[in-house]
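Novice: My questions all concern the structure below.
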Protein chains: 2
Amino acid sequence: MYWIYILLVLNIELITSSVVITRHEEECVLDSKLVEEIKSYENVTKHIINEIINGGFGAAMYDEYTKFIDKFGARISGSEALERAIDHMVNLTVRNGLNDVTTEDVKVPHWVRVKESAEMVQPYYKNIALLGLGTSVSTPLEGITAEAIVISSFEELDKTDASKIKGKIVVFDAHYVTYGDTVVYRGHGATKASQKGAIASLIRSITPFSIYSPHTGDQTYGENITKIPTACITLEDADLLRRLQDQGEKLILTLKMTYTYDEKTSRNTIVDLKGKDNPEKMVIVSGHIDSWDVGEGAMDDGGGMIISWFAPVILNMLKLKPKRTIRAILWTSEEFGYIGAAAYLQKHLNQLPNINFIMESDEGTFKPLGLEVAGSPKALCIIKEVLKQFAPIDKLTKSDYPGSDIVLFIEKGVPGASLLNKNERYFWYHHSEADTMNVQNKDDVIECAAFWAAVSYVIADLTEDMPRA
Amino acid sequence: MYWIYILLVLNIELITSSVVITRHEEECVLDSKLVEEIKSYENVTKHIINEIINGGFGAAMYDEYTKFIDKFGARISGSEALERAIDHMVNLTVRNGLNDVTTEDVKVPHWVRVKESAEMVQPYYKNIALLGLGTSVSTPLEGITAEAIVISSFEELDKTDASKIKGKIVVFDAHYVTYGDTVVYRGHGATKASQKGAIASLIRSITPFSIYSPHTGDQTYGENITKIPTACITLEDADLLRRLQDQGEKLILTLKMTYTYDEKTSRNTIVDLKGKDNPEKMVIVSGHIDSWDVGEGAMDDGGGMIISWFAPVILNMLKLKPKRTIRAILWTSEEFGYIGAAAYLQKHLNQLPNINFIMESDEGTFKPLGLEVAGSPKALCIIKEVLKQFAPIDKLTKSDYPGSDIVLFIEKGVPGASLLNKNERYFWYHHSEADTMNVQNKDDVIECAAFWAAVSYVIADLTEDMPRA
């Protein structure tokens, strides 16, 4: 999940801006005919869920998911592993009886972590685990050895005289509040430090909990600055450096970081279950197929990618063709700033009015809880009515910016939703070596897949289009 | 904390063998005079606790603790860091007004992790995080490249034909049940695998939870076997290897592990607050000053070491001299099998009858809950009566083998106790890079210190000796 773009451009805190609407808080007055129509789907949604959970389809999907993750591992933007993974998903779609699968080329960033290390050499020797941040430049081959200064916030940096920063490595040790609050240090720490003359910046990883694990992620160099190497370190080492500085110790670090950065061609993958009445209209279900280059990208976003891919595939297997097209999109290069989604939007701009609803799962596939929805009040009421038949997976959270890639569409007025799930530990694993299959629970993922397929089916089949604002 | 010795020799599960005694479950009939005497300590225990928690003494101790951990970091048996740490504690004792501090030489193992790496090279390339186990031999300098076989249990190994093991790397992927249940794979996996012809063994780390963190620890080679290199890997990689094997993939790993192993002289540190009536009798409070060579040894056992050292020091500052001597012992080389404790026992065997009670904190200094006690029924009743005035820190758990080093004394009939605390996450960090100050909560550690000092004072000052079985 990549969140910097929207956070910085729109200055919105995604997580904290959500508002939970419970059944009793807001009155929805829907046409009784529409309510009846929604209720009439109860048998078919039960059927879909039952087939997936008890009919073996979900288990088979989970098996394919596991094999996919174990076969391709990490799939960073521009990598060969990502392209092989895309080929695999195209073939898997056809092998599962759905031939309407295409890919669309996208130019994507290709940043490669070649080698990196950090050491504290004064006041004593200590290895410092680190993960360079996407698009970071390299140090000289012989590395950088320099004094470090620990700074807690941009406000503190602003107040610090530039002479105290110049030529130093700035270590930002801001503690995790919410991801939205704290990720600005990862996203802009290098730029801010460089503006004051720093020669590198290290960031306390953006996570509330650590077992000595560094977390990577994207960052953006501002314009007209000297690009300096930048990486995240563990909470443990950031806090150690802070304590040593507070004890009056002079900190000297050696950083050796080598990366390459060019451009490659990747692909968005589009899987259609064509609608029987209005094939030109569509409900999009999506996740991103790229990941960071550490761990296996099982959680971010292997789980979201597979359940979205599965929705049209299983509905086709169950011979359930909704009125509108259900289009699964496996976005490429989400982690470098919604690159695949932006390219799709650009290419299909004229089809925007035909996107009835757009969904994405990119915040985990833990125990499903409901949907985080953006749209007109009436659209929210319809979704709320639909969710009733999925109880206890019936929670509706309102958000202006649910999901990651799909916010580009939601900004253009398309209503949409992200999968709400019990993801309290999401950021413990996010963008780290721990994003592996160990994070996942088979039953939960299958339940997510069942909910995702059934709910997208109902929305795609309703007589009424999802009303826009 | 080192637990293999007692687990293997006595085949006891430490954690699961404890029995909680609540106030109502067992009837304790103590002499009313003794009960009155115990009650009479209420003011002094309140005073001790208040001075430590609210009088600044605990905060000053925590400050010294933090500086100690940050200054010396990991302190493995035989290392210079450990010896400097011991010197520091001797000086700190004198600086804090207690001159009765001595050290006693002990020959200890000195095993050094020089360099280690593991890679999966088939079915695809993947770096495998690992931590070699204490006393592991090295691979040849060019490493070992060999097929791996994943085995779930010793029973499965026994049933597997030796031809399937010979020349291979055995990966034990036993899942964590309790530490006691599962640590046998770390302790004896190499020996068992070697007996079947394996050339190295890797063990799934002994922890219930992982953020891609390998955990080290001790292991013991059996007699008359070929010593093979052995290490722990993360839960994530162990489970990946298992899945790949189950999918029919051939696994080939490359291991490069270099260690040195010799003997050094270290020291037990003994701090006495001499008893005013019976200085020859003593209550021992203890923790170990050595740690593993990863993390900072803040939890295991920096916290237990510091609160035990603090007990005679603070009582001396508060001018509270109990009838018997309170002796703090900072054991050396606990992690390689209670080496310091065994040497002390050997040297002071004739003083065994004079050890009234022996205490150790080596299972964390999280929120204190009470004591885990071994002793005669009457001794347990006395401790239960003493604990009443510490409510809510009044839980008493009965165990035949509380603590680590002190079990050597308890086996000889000395009654003793270990600090019960809210340590559910202890094994998440244990023997890993995550054993740092981040694990600790200042208020909790100070509360442990206050409880530890006050309870040891009461026991050391009671008229009656702690009755033995």
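A note on labels: chains of the structure tokens are A, B, ... as shown, every chain counts residues from 1, and ligands are counted from 1 in their shown order.
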Which residues in segment 91-158 of chain A does DSSP call strand (DSSP E or B)? List them as a ChimeraX atom specification.
Specialist: /A:101-122,126-128,130-132,134,144-151
Novice: Mind listing as a list in words which residues of chain A are within 7 Å of chain B, counting only C-alpha atoms?
Specialist: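 Using only C-alpha atoms, chain A residues at most 7 Å from chain B: Ile211, Tyr212, Ser213, Glu236, Tyr429, Glu433, Ala434, Thr436 and Asn438 of chain A.
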Novice: Suppose we keep all heavy atoms; can you now write the selection as a short mmCIF file (atom, residue, chain, number, x, y, z; two decimals), in the first residue's frame?
Specialist:
```
data_model
loop_
_atom_site.label_atom_id
_atom_site.label_comp_id
_atom_site.auth_asym_id
_atom_site.auth_seq_id
_atom_site.Cartn_x
_atom_site.Cartn_y
_atom_site.Cartn_z
N ILE A 211 10.08 -5.97 16.13
CA ILE A 211 11.01 -6.96 16.70
C ILE A 211 12.30 -6.78 15.89
O ILE A 211 12.70 -7.63 15.12
CB ILE A 211 10.44 -8.39 16.64
CG1 ILE A 211 9.10 -8.43 17.40
CG2 ILE A 211 11.42 -9.39 17.25
CD1 ILE A 211 8.50 -9.82 17.55
N TYR A 212 12.89 -5.60 16.06
CA TYR A 212 14.09 -5.19 15.34
C TYR A 212 13.93 -5.36 13.82
O TYR A 212 14.75 -6.01 13.17
CB TYR A 212 15.33 -5.95 15.84
CG TYR A 212 16.62 -5.25 15.45
CD1 TYR A 212 16.98 -4.05 16.04
CD2 TYR A 212 17.43 -5.77 14.46
CE1 TYR A 212 18.14 -3.38 15.67
CE2 TYR A 212 18.60 -5.11 14.07
CZ TYR A 212 18.94 -3.92 14.68
OH TYR A 212 20.09 -3.27 14.29
N SER A 213 12.85 -4.76 13.30
CA SER A 213 12.58 -4.92 11.87
C SER A 213 12.54 -3.56 11.18
O SER A 213 11.69 -2.74 11.51
CB SER A 213 11.21 -5.57 11.67
OG SER A 213 11.03 -6.61 12.59
N GLU A 236 14.24 0.26 17.48
CA GLU A 236 15.22 0.00 18.54
C GLU A 236 16.48 0.85 18.33
O GLU A 236 16.98 1.46 19.27
CB GLU A 236 15.58 -1.50 18.56
CG GLU A 236 14.46 -2.41 19.07
CD GLU A 236 13.52 -2.91 17.99
OE1 GLU A 236 13.46 -2.28 16.90
OE2 GLU A 236 12.84 -3.93 18.22
N TYR A 429 3.85 -5.46 9.90
CA TYR A 429 4.51 -6.28 8.86
C TYR A 429 4.79 -5.49 7.57
O TYR A 429 5.66 -5.90 6.78
CB TYR A 429 3.60 -7.45 8.48
CG TYR A 429 2.96 -8.18 9.64
CD1 TYR A 429 1.58 -8.15 9.86
CD2 TYR A 429 3.75 -8.89 10.53
CE1 TYR A 429 1.00 -8.82 10.91
CE2 TYR A 429 3.18 -9.57 11.61
CZ TYR A 429 1.79 -9.53 11.79
OH TYR A 429 1.22 -10.20 12.84
N GLU A 433 10.45 -7.46 5.80
CA GLU A 433 10.72 -8.88 5.50
C GLU A 433 9.63 -9.79 6.06
O GLU A 433 9.55 -10.96 5.71
CB GLU A 433 12.09 -9.29 6.09
CG GLU A 433 13.29 -8.68 5.39
CD GLU A 433 13.60 -9.34 4.05
OE1 GLU A 433 12.87 -10.24 3.62
OE2 GLU A 433 14.59 -8.91 3.42
N ALA A 434 8.83 -9.26 6.97
CA ALA A 434 7.79 -10.08 7.60
C ALA A 434 6.50 -10.14 6.80
O ALA A 434 5.55 -10.79 7.21
CB ALA A 434 7.50 -9.56 9.01
N THR A 436 4.94 -11.94 4.74
CA THR A 436 5.01 -13.30 4.17
C THR A 436 3.68 -14.02 4.40
O THR A 436 2.78 -13.48 5.04
CB THR A 436 6.11 -14.14 4.86
OG1 THR A 436 5.67 -14.43 6.20
CG2 THR A 436 7.43 -13.39 4.91
N ASN A 438 3.08 -16.13 6.49
CA ASN A 438 2.84 -16.33 7.93
C ASN A 438 1.84 -15.33 8.49
O ASN A 438 1.21 -15.58 9.52
CB ASN A 438 4.14 -16.21 8.72
CG ASN A 438 5.00 -17.44 8.57
OD1 ASN A 438 5.27 -17.85 7.45
ND2 ASN A 438 5.41 -18.03 9.67
#
```
Novice: Find the residues near segment 146-148 of chain B: any atom within 12 Å, counting only C-alpha atoms, skip ones fewer than 5 places away on the same chain, and give them as an mmCIF file with all heavy atoms, in the first residue's frame.
Specialist:
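The resulting selection-v1.cif:
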```
data_model
loop_
_atom_site.group_PDB
_atom_site.id
_atom_site.type_symbol
_atom_site.label_atom_id
_atom_site.label_comp_id
_atom_site.auth_asym_id
_atom_site.auth_seq_id
_atom_site.Cartn_x
_atom_site.Cartn_y
_atom_site.Cartn_z
ATOM 1 N N ALA B 118 23.057 -17.577 5.143
ATOM 2 C CA ALA B 118 22.377 -18.728 4.554
ATOM 3 C C ALA B 118 21.576 -18.241 3.361
ATOM 4 O O ALA B 118 21.023 -17.136 3.384
ATOM 5 C CB ALA B 118 21.454 -19.396 5.576
ATOM 6 N N GLU B 119 21.556 -19.047 2.333
ATOM 7 C CA GLU B 119 20.797 -18.694 1.139
ATOM 8 C C GLU B 119 20.096 -19.934 0.614
ATOM 9 O O GLU B 119 20.656 -21.031 0.631
ATOM 10 C CB GLU B 119 21.752 -18.199 0.027
ATOM 11 C CG GLU B 119 22.475 -16.922 0.367
ATOM 12 C CD GLU B 119 23.780 -16.778 -0.406
ATOM 13 O OE1 GLU B 119 24.461 -17.804 -0.659
ATOM 14 O OE2 GLU B 119 24.101 -15.643 -0.757
ATOM 15 N N MET B 120 18.881 -19.741 0.166
ATOM 16 C CA MET B 120 18.238 -20.790 -0.617
ATOM 17 C C MET B 120 18.657 -20.530 -2.062
ATOM 18 O O MET B 120 18.500 -19.403 -2.545
ATOM 19 C CB MET B 120 16.711 -20.722 -0.462
ATOM 20 C CG MET B 120 15.996 -21.782 -1.276
ATOM 21 S SD MET B 120 14.220 -21.867 -0.863
ATOM 22 C CE MET B 120 13.615 -20.410 -1.728
ATOM 23 N N VAL B 121 19.227 -21.540 -2.725
ATOM 24 C CA VAL B 121 19.664 -21.334 -4.115
ATOM 25 C C VAL B 121 18.797 -22.116 -5.100
ATOM 26 O O VAL B 121 18.856 -21.889 -6.302
ATOM 27 C CB VAL B 121 21.162 -21.672 -4.296
ATOM 28 C CG1 VAL B 121 22.024 -20.686 -3.513
ATOM 29 C CG2 VAL B 121 21.476 -23.095 -3.859
ATOM 30 N N GLN B 122 17.987 -23.016 -4.583
ATOM 31 C CA GLN B 122 17.012 -23.718 -5.412
ATOM 32 C C GLN B 122 15.788 -23.968 -4.546
ATOM 33 O O GLN B 122 15.974 -24.299 -3.375
ATOM 34 C CB GLN B 122 17.589 -25.043 -5.932
ATOM 35 C CG GLN B 122 16.753 -25.647 -7.051
ATOM 36 C CD GLN B 122 17.376 -26.935 -7.602
ATOM 37 O OE1 GLN B 122 18.572 -27.004 -7.890
ATOM 38 N NE2 GLN B 122 16.561 -27.948 -7.726
ATOM 39 N N PRO B 123 14.559 -23.804 -5.000
ATOM 40 C CA PRO B 123 14.105 -23.539 -6.371
ATOM 41 C C PRO B 123 14.348 -22.119 -6.866
ATOM 42 O O PRO B 123 14.237 -21.893 -8.078
ATOM 43 C CB PRO B 123 12.598 -23.832 -6.312
ATOM 44 C CG PRO B 123 12.225 -23.594 -4.906
ATOM 45 C CD PRO B 123 13.412 -23.997 -4.093
ATOM 46 N N LYS B 164 17.806 -40.946 3.383
ATOM 47 C CA LYS B 164 17.148 -39.691 2.994
ATOM 48 C C LYS B 164 17.712 -38.481 3.747
ATOM 49 O O LYS B 164 17.389 -37.341 3.434
ATOM 50 C CB LYS B 164 15.644 -39.781 3.248
ATOM 51 C CG LYS B 164 14.959 -40.729 2.284
ATOM 52 C CD LYS B 164 13.443 -40.606 2.370
ATOM 53 C CE LYS B 164 12.782 -41.447 1.289
ATOM 54 N NZ LYS B 164 11.370 -41.687 1.562
ATOM 55 N N ILE B 165 18.506 -38.749 4.781
ATOM 56 C CA ILE B 165 19.061 -37.679 5.607
ATOM 57 C C ILE B 165 20.538 -37.458 5.292
ATOM 58 O O ILE B 165 21.018 -36.324 5.301
ATOM 59 C CB ILE B 165 18.914 -38.050 7.119
ATOM 60 C CG1 ILE B 165 17.445 -38.356 7.478
ATOM 61 C CG2 ILE B 165 19.491 -36.943 8.008
ATOM 62 C CD1 ILE B 165 16.503 -37.171 7.405
ATOM 63 N N LYS B 166 21.222 -38.525 4.983
ATOM 64 C CA LYS B 166 22.680 -38.509 4.788
ATOM 65 C C LYS B 166 23.104 -37.431 3.778
ATOM 66 O O LYS B 166 22.568 -37.338 2.677
ATOM 67 C CB LYS B 166 23.138 -39.892 4.306
ATOM 68 C CG LYS B 166 24.629 -40.148 4.530
ATOM 69 C CD LYS B 166 24.978 -41.610 4.217
ATOM 70 C CE LYS B 166 26.427 -41.765 3.787
ATOM 71 N NZ LYS B 166 27.388 -41.262 4.775
ATOM 72 N N GLY B 167 24.041 -36.599 4.233
ATOM 73 C CA GLY B 167 24.594 -35.569 3.345
ATOM 74 C C GLY B 167 23.701 -34.347 3.192
ATOM 75 O O GLY B 167 24.027 -33.433 2.439
ATOM 76 N N LYS B 168 22.579 -34.323 3.904
ATOM 77 C CA LYS B 168 21.647 -33.203 3.748
ATOM 78 C C LYS B 168 21.678 -32.251 4.935
ATOM 79 O O LYS B 168 22.232 -32.548 5.987
ATOM 80 C CB LYS B 168 20.216 -33.733 3.566
ATOM 81 C CG LYS B 168 19.998 -34.390 2.210
ATOM 82 C CD LYS B 168 18.532 -34.704 1.996
ATOM 83 C CE LYS B 168 18.380 -35.491 0.675
ATOM 84 N NZ LYS B 168 17.136 -36.251 0.642
ATOM 85 N N ILE B 169 21.046 -31.109 4.727
ATOM 86 C CA ILE B 169 20.806 -30.150 5.801
ATOM 87 C C ILE B 169 19.401 -30.426 6.331
ATOM 88 O O ILE B 169 18.431 -30.356 5.571
ATOM 89 C CB ILE B 169 20.889 -28.695 5.266
ATOM 90 C CG1 ILE B 169 22.296 -28.413 4.706
ATOM 91 C CG2 ILE B 169 20.491 -27.697 6.347
ATOM 92 C CD1 ILE B 169 22.379 -27.167 3.821
ATOM 93 N N VAL B 170 19.303 -30.777 7.591
ATOM 94 C CA VAL B 170 17.978 -31.031 8.173
ATOM 95 C C VAL B 170 17.417 -29.725 8.740
ATOM 96 O O VAL B 170 18.076 -29.037 9.510
ATOM 97 C CB VAL B 170 18.047 -32.097 9.288
ATOM 98 C CG1 VAL B 170 16.721 -32.159 10.059
ATOM 99 C CG2 VAL B 170 18.364 -33.460 8.687
ATOM 100 N N VAL B 171 16.214 -29.388 8.310
ATOM 101 C CA VAL B 171 15.513 -28.210 8.825
ATOM 102 C C VAL B 171 14.386 -28.701 9.731
ATOM 103 O O VAL B 171 13.449 -29.340 9.249
ATOM 104 C CB VAL B 171 14.919 -27.353 7.684
ATOM 105 C CG1 VAL B 171 14.182 -26.142 8.242
ATOM 106 C CG2 VAL B 171 16.003 -26.932 6.700
ATOM 107 N N PHE B 172 14.507 -28.440 11.035
ATOM 108 C CA PHE B 172 13.425 -28.812 11.953
ATOM 109 C C PHE B 172 12.421 -27.666 11.984
ATOM 110 O O PHE B 172 12.787 -26.539 12.351
ATOM 111 C CB PHE B 172 13.962 -29.064 13.360
ATOM 112 C CG PHE B 172 14.757 -30.332 13.492
ATOM 113 C CD1 PHE B 172 16.138 -30.306 13.581
ATOM 114 C CD2 PHE B 172 14.108 -31.568 13.518
ATOM 115 C CE1 PHE B 172 16.879 -31.473 13.707
ATOM 116 C CE2 PHE B 172 14.838 -32.748 13.642
ATOM 117 C CZ PHE B 172 16.222 -32.704 13.737
ATOM 118 N N ALA B 193 20.201 -34.878 14.204
ATOM 119 C CA ALA B 193 20.366 -34.882 12.742
ATOM 120 C C ALA B 193 21.697 -35.527 12.361
ATOM 121 O O ALA B 193 21.774 -36.315 11.409
ATOM 122 C CB ALA B 193 20.289 -33.449 12.218
ATOM 123 N N ALA B 198 23.219 -36.227 8.757
ATOM 124 C CA ALA B 198 23.064 -34.868 8.229
ATOM 125 C C ALA B 198 24.372 -34.096 8.368
ATOM 126 O O ALA B 198 25.190 -34.406 9.245
ATOM 127 C CB ALA B 198 21.947 -34.144 8.963
ATOM 128 N N ILE B 199 24.551 -33.062 7.525
ATOM 129 C CA ILE B 199 25.798 -32.296 7.577
ATOM 130 C C ILE B 199 25.598 -30.914 8.193
ATOM 131 O O ILE B 199 26.570 -30.185 8.412
ATOM 132 C CB ILE B 199 26.437 -32.173 6.177
ATOM 133 C CG1 ILE B 199 25.441 -31.539 5.185
ATOM 134 C CG2 ILE B 199 26.891 -33.538 5.685
ATOM 135 C CD1 ILE B 199 26.082 -31.166 3.857
ATOM 136 N N ALA B 200 24.361 -30.535 8.465
ATOM 137 C CA ALA B 200 24.064 -29.283 9.183
ATOM 138 C C ALA B 200 22.605 -29.362 9.609
ATOM 139 O O ALA B 200 21.837 -30.169 9.082
ATOM 140 C CB ALA B 200 24.280 -28.058 8.299
ATOM 141 N N SER B 201 22.251 -28.537 10.593
ATOM 142 C CA SER B 201 20.838 -28.492 10.955
ATOM 143 C C SER B 201 20.399 -27.061 11.203
ATOM 144 O O SER B 201 21.146 -26.261 11.756
ATOM 145 C CB SER B 201 20.542 -29.377 12.173
ATOM 146 O OG SER B 201 20.931 -28.723 13.352
ATOM 147 N N LEU B 202 19.208 -26.753 10.739
ATOM 148 C CA LEU B 202 18.587 -25.448 10.977
ATOM 149 C C LEU B 202 17.309 -25.688 11.759
ATOM 150 O O LEU B 202 16.600 -26.676 11.525
ATOM 151 C CB LEU B 202 18.262 -24.756 9.646
ATOM 152 C CG LEU B 202 19.455 -24.447 8.741
ATOM 153 C CD1 LEU B 202 18.990 -23.871 7.404
ATOM 154 C CD2 LEU B 202 20.426 -23.484 9.432
ATOM 155 N N ALA B 238 11.293 -20.950 7.774
ATOM 156 C CA ALA B 238 11.072 -22.374 8.048
ATOM 157 C C ALA B 238 9.766 -22.825 7.396
ATOM 158 O O ALA B 238 9.687 -23.887 6.781
ATOM 159 C CB ALA B 238 11.033 -22.626 9.556
ATOM 160 N N LEU B 241 10.127 -22.996 3.559
ATOM 161 C CA LEU B 241 10.822 -24.214 3.133
ATOM 162 C C LEU B 241 9.886 -25.423 3.222
ATOM 163 O O LEU B 241 9.859 -26.273 2.330
ATOM 164 C CB LEU B 241 12.081 -24.435 3.993
ATOM 165 C CG LEU B 241 13.189 -23.386 3.791
ATOM 166 C CD1 LEU B 241 14.274 -23.524 4.861
ATOM 167 C CD2 LEU B 241 13.812 -23.497 2.399
ATOM 168 N N ARG B 242 9.096 -25.465 4.295
ATOM 169 C CA ARG B 242 8.126 -26.555 4.446
ATOM 170 C C ARG B 242 7.126 -26.562 3.277
ATOM 171 O O ARG B 242 6.868 -27.590 2.667
ATOM 172 C CB ARG B 242 7.399 -26.401 5.789
ATOM 173 C CG ARG B 242 6.036 -27.030 5.915
ATOM 174 C CD ARG B 242 6.044 -28.524 5.737
ATOM 175 N NE ARG B 242 6.788 -29.224 6.797
ATOM 176 C CZ ARG B 242 7.110 -30.517 6.750
ATOM 177 N NH1 ARG B 242 6.764 -31.255 5.706
ATOM 178 N NH2 ARG B 242 7.777 -31.076 7.749
ATOM 179 N N LEU B 244 7.433 -25.245 0.276
ATOM 180 C CA LEU B 244 8.083 -25.570 -1.001
ATOM 181 C C LEU B 244 8.330 -27.077 -1.089
ATOM 182 O O LEU B 244 8.109 -27.693 -2.135
ATOM 183 C CB LEU B 244 9.390 -24.783 -1.149
ATOM 184 C CG LEU B 244 9.216 -23.268 -1.366
ATOM 185 C CD1 LEU B 244 10.576 -22.562 -1.294
ATOM 186 C CD2 LEU B 244 8.534 -22.966 -2.706
ATOM 187 N N GLN B 245 8.770 -27.671 0.018
ATOM 188 C CA GLN B 245 8.982 -29.125 0.031
ATOM 189 C C GLN B 245 7.660 -29.858 -0.226
ATOM 190 O O GLN B 245 7.606 -30.805 -1.010
ATOM 191 C CB GLN B 245 9.584 -29.559 1.368
ATOM 192 C CG GLN B 245 9.701 -31.076 1.512
ATOM 193 C CD GLN B 245 10.495 -31.470 2.750
ATOM 194 O OE1 GLN B 245 11.679 -31.131 2.890
ATOM 195 N NE2 GLN B 245 9.851 -32.176 3.676
ATOM 196 N N GLU B 249 9.089 -29.293 -4.469
ATOM 197 C CA GLU B 249 10.319 -28.634 -4.911
ATOM 198 C C GLU B 249 11.543 -29.269 -4.237
ATOM 199 O O GLU B 249 11.480 -29.654 -3.069
ATOM 200 C CB GLU B 249 10.287 -27.140 -4.543
ATOM 201 C CG GLU B 249 9.177 -26.343 -5.201
ATOM 202 C CD GLU B 249 9.426 -26.065 -6.678
ATOM 203 O OE1 GLU B 249 10.490 -26.456 -7.199
ATOM 204 O OE2 GLU B 249 8.525 -25.476 -7.314
ATOM 205 N N LYS B 250 12.633 -29.333 -4.963
ATOM 206 C CA LYS B 250 13.916 -29.730 -4.377
ATOM 207 C C LYS B 250 14.556 -28.476 -3.787
ATOM 208 O O LYS B 250 14.662 -27.451 -4.469
ATOM 209 C CB LYS B 250 14.809 -30.315 -5.465
ATOM 210 C CG LYS B 250 16.138 -30.832 -4.961
ATOM 211 C CD LYS B 250 16.915 -31.541 -6.082
ATOM 212 C CE LYS B 250 18.268 -32.021 -5.583
ATOM 213 N NZ LYS B 250 18.971 -32.794 -6.627
ATOM 214 N N LEU B 251 14.950 -28.565 -2.529
ATOM 215 C CA LEU B 251 15.508 -27.400 -1.828
ATOM 216 C C LEU B 251 17.025 -27.524 -1.755
ATOM 217 O O LEU B 251 17.541 -28.529 -1.258
ATOM 218 C CB LEU B 251 14.963 -27.335 -0.396
ATOM 219 C CG LEU B 251 13.435 -27.356 -0.233
ATOM 220 C CD1 LEU B 251 13.070 -27.487 1.243
ATOM 221 C CD2 LEU B 251 12.820 -26.102 -0.835
ATOM 222 N N ILE B 252 17.724 -26.518 -2.229
ATOM 223 C CA ILE B 252 19.182 -26.497 -2.052
ATOM 224 C C ILE B 252 19.572 -25.203 -1.337
ATOM 225 O O ILE B 252 19.146 -24.118 -1.721
ATOM 226 C CB ILE B 252 19.921 -26.642 -3.402
ATOM 227 C CG1 ILE B 252 19.558 -27.997 -4.031
ATOM 228 C CG2 ILE B 252 21.438 -26.550 -3.197
ATOM 229 C CD1 ILE B 252 20.227 -28.274 -5.353
ATOM 230 N N LEU B 253 20.337 -25.375 -0.271
ATOM 231 C CA LEU B 253 20.754 -24.234 0.543
ATOM 232 C C LEU B 253 22.275 -24.122 0.543
ATOM 233 O O LEU B 253 22.977 -25.123 0.418
ATOM 234 C CB LEU B 253 20.284 -24.403 1.999
ATOM 235 C CG LEU B 253 18.805 -24.676 2.272
ATOM 236 C CD1 LEU B 253 18.564 -24.742 3.780
ATOM 237 C CD2 LEU B 253 17.918 -23.605 1.644
ATOM 238 N N THR B 254 22.745 -22.898 0.700
ATOM 239 C CA THR B 254 24.172 -22.663 0.931
ATOM 240 C C THR B 254 24.336 -22.018 2.307
ATOM 241 O O THR B 254 23.703 -21.001 2.592
ATOM 242 C CB THR B 254 24.758 -21.732 -0.150
ATOM 243 O OG1 THR B 254 24.678 -22.380 -1.413
ATOM 244 C CG2 THR B 254 26.221 -21.409 0.156
ATOM 245 N N LEU B 255 25.148 -22.629 3.148
ATOM 246 C CA LEU B 255 25.423 -22.087 4.491
ATOM 247 C C LEU B 255 26.890 -21.734 4.605
ATOM 248 O O LEU B 255 27.749 -22.538 4.244
ATOM 249 C CB LEU B 255 25.110 -23.146 5.565
ATOM 250 C CG LEU B 255 23.729 -23.794 5.568
ATOM 251 C CD1 LEU B 255 23.646 -24.810 6.716
ATOM 252 C CD2 LEU B 255 22.651 -22.734 5.722
ATOM 253 N N LYS B 256 27.154 -20.525 5.090
ATOM 254 C CA LYS B 256 28.539 -20.145 5.401
ATOM 255 C C LYS B 256 28.547 -19.637 6.835
ATOM 256 O O LYS B 256 27.955 -18.601 7.135
ATOM 257 C CB LYS B 256 29.029 -19.043 4.452
ATOM 258 C CG LYS B 256 29.221 -19.529 3.025
ATOM 259 C CD LYS B 256 29.718 -18.419 2.115
ATOM 260 C CE LYS B 256 29.777 -18.932 0.677
ATOM 261 N NZ LYS B 256 30.047 -17.865 -0.283
#
```
Novice: For Leu408 of chain A, please output as a count of residues only all residues within 10 Å (counting only C-alpha atoms; exclusion window: fewer than 5 positions along the same chain).
Specialist: 9
Novice: Would you list the contacts of segment 358-374 of chain A as an MDAnalysis selection string, taking every protein, DNA or RNA residue within 7 Å and counting only C-alpha atoms, but skipping same-chain residues closer than 3 positions in sequence?
Specialist: chainID A and resid 1 283:287 299:301 303:304 355 380 393:404 406 415:423 426 440 444:445 447:448
Novice: DSSP on the backbone: which residues in segment 193-428 of chain A end up as helix (DSSP H, G or I)? Give the answer as a ChimeraX atom specification.
Specialist: /A:193-195,235-246,298-317,339-347,349-354,377-390,407-410,426-428
Novice: Within 9 Å of His47 of chain B, counting only C-alpha atoms, which residues show up once you throw out same-chain ones fewer than 5 positions away? Write them as a VMD selection string, please.
Specialist: chain B and resid 42 52 454
Novice: Grab the residues selected above and save them as a CSV table (one decimal), in the first residue's frame with C-alpha atoms.
Specialist:
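Output (part-v6.csv):
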```csv
chain,number,residue,atom,x,y,z
B,42,GLU,CA,3.8,-3.4,56.6
B,52,ILE,CA,11.9,3.6,45.4
B,454,ALA,CA,11.1,-5.0,50.0
```
Novice: Using only C-alpha atoms, which of the listed residues (A:Lys384, A:Arg186, A:Lys192, A:Lys412) sits closest to Arg204 of chain A?
Specialist: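 The closest residue to Arg204 of chain A is A:Arg186.
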